[in-house]
Amino acid sequence: MTSSVRIAVDAMGGEFGPSVTVSALISSLERHPNVEADLFGNKAAISVELDQASSQVKSRISVYHSDGEVCDNDKPSTVLRQKRDSSMGLAINAVATRQVDACISAGNTGALMALGLINLKTLPGISRPAICTTFPTVEGRTYVLDLGANIHSSAGQLHEFAILADLTAKLLDNIANPTVRLLNVGVEDIKGSEELQQAAILLESDSSINYSGFIEGDGIFDGIADIVVCDGFSGNIALKTTEGFANMISVILEDLVKKNWLARLALGVFSRSFKDLKNRLDPSLYNGAYLLGLDGVVVKSHGSASRKAFGHALDVAIEAAAHNLPKALSPLLQAKFIDITE
């Protein structure tokens with residue numbers, strides 16, 4: 001692992017811009033004394049938020065002005081033609097030039113993917129990167145990908161995603177032989193699209209992958225798979241549904257406590273358990289997803305992320321940078337795909 005880390009932050013990304021991104025970064029740097037940061041965006045807007053930082057934290061932050069911002073409705077092609085010098089474009093370029101070890105943005109996902117592909121390229125044997133994060137389970141957590149980078153994925157790309165996640169779980173979680181499953185509408189072998197059927201054949205024939213069959217959406221949380229692979233369309237629906245359900249449960253619990261004195265009494269007795277449950281259901285603690293497969297660390301945060309949620313995404317970026325994840329993956333992938341083609 002790297003002893004010190006430098007990250008680039010697209011300060012203008014997301015719905016709230018510097019009021020969230022810069023504020024969260026300050027808190028993150030207070031928790032991580034070995035981390036430095038480059039902020040990209042409107043210098044005046046960034047400076048307002050930096051006023052709350054201590055001199056010690058400020059000494060580890062450099063600010064690079066950019067007049068350009070990537071909007072949520074910008075097409076990736078437009079961004080590539082006209083906005084490479086935007087705050088997002090400059091942050092990704094900082095990874096490409098090795099100025100920083102990782103970058104993070106809460107901005108337009110399509111633009112982030114396009115800029116990442118142009119500036120960083122993909123790792124050996126990987127045709128398209130995938131958005132990858134972890135979901136909580138009763139046993140711990142599971143890696144799920146793709147969560148929206150590729151609406152349609154071929155069987156070969158699903159196989160690539162499985163390989164990427166398998167190596168990542170081994171590197172980051174020290175899992176010797178991660179179990180891999182394909183997200184499907186049923187667990188029976190005959191279920192699913194032609195792409196899923198072909199992907200299953202590829203995974204079954206890959207002796208380095210511990211493929212364990214199909215999994216349905218409700219099975220993701222049972223802890224029966226370390227990795228769940230899917231196309232970006234299915235994955236994004238699963239992600240947003242999970243977040244919405246978790247938020248609903250939290251609201252219901254809080255409402256019950258407010259309305260019922262017996263519930264408030266129980267909360268006093270079981271306050272620690274209630275707090276633990278609320279934390280496990282808090283989507284902000286799972287914010288931050290890798291664009292796994294790029295030759296550089298790029299982390300995507302939700303556009304509507306709160307300061308707390310963006311802070312967790314920063315933790316994800318710092319962990320990946322500290323492990324130098326792409327550099328660690330590259331020789332493993334090169335050896336892997338040489339074996340496949342031989």
# chains A, B, ... in the order shown; residues from 1 in each chain; ligands from 1
>>> closest_atom_pairs(of="segment 149-258 of chain A", to="segment 309-321 of chain A", cutoff="12 Å", atoms="only C-alpha atoms", output="tab-separated table")
residue	atom	partner	partner_atom	distance
A:Thr168	CA	A:Ala320	CA	9.7
A:Ala169	CA	A:Ala320	CA	11.7
A:Leu171	CA	A:Ala320	CA	10.1
A:Leu172	CA	A:Ala320	CA	8.2
A:Asp173	CA	A:Glu319	CA	11.3
>>> residues_around(residues="Asn150 of chain A", least_positions_apart="3", cutoff="9 Å", atoms="only C-alpha atoms", output="PyMOL selection string")
chain A and resi 128-131+146-147+153+231-233
>>> residues_around(residues="segment 112-124 of chain A", least_positions_apart="4", cutoff="10 Å", atoms="only C-alpha atoms", output="PyMOL selection string")
chain A and resi 70+75-77+79-80+83-84+88-97+104-108+128-131+149-150+164+291-300+326-327+329-338
>>> atom_distance(atom1="atom CA of Asp222 of chain A", atom2="atom CA of Thr242 of chain A")
13.6 Å
>>> atom_distance(atom1="atom CA of Ser59 of chain A", atom2="atom CA of Gly17 of chain A")
21.7 Å
>>> closest_residue(among="A:Glu216, A:Asn210, A:His32, A:Thr133", to="Gly288 of chain A", atoms="only C-alpha atoms")
A:Thr133
>>> closest_residue(among="A:Leu285, A:Ile163, A:Leu29, A:Leu39", to="Lys308 of chain A", atoms="only C-alpha atoms")
A:Leu285
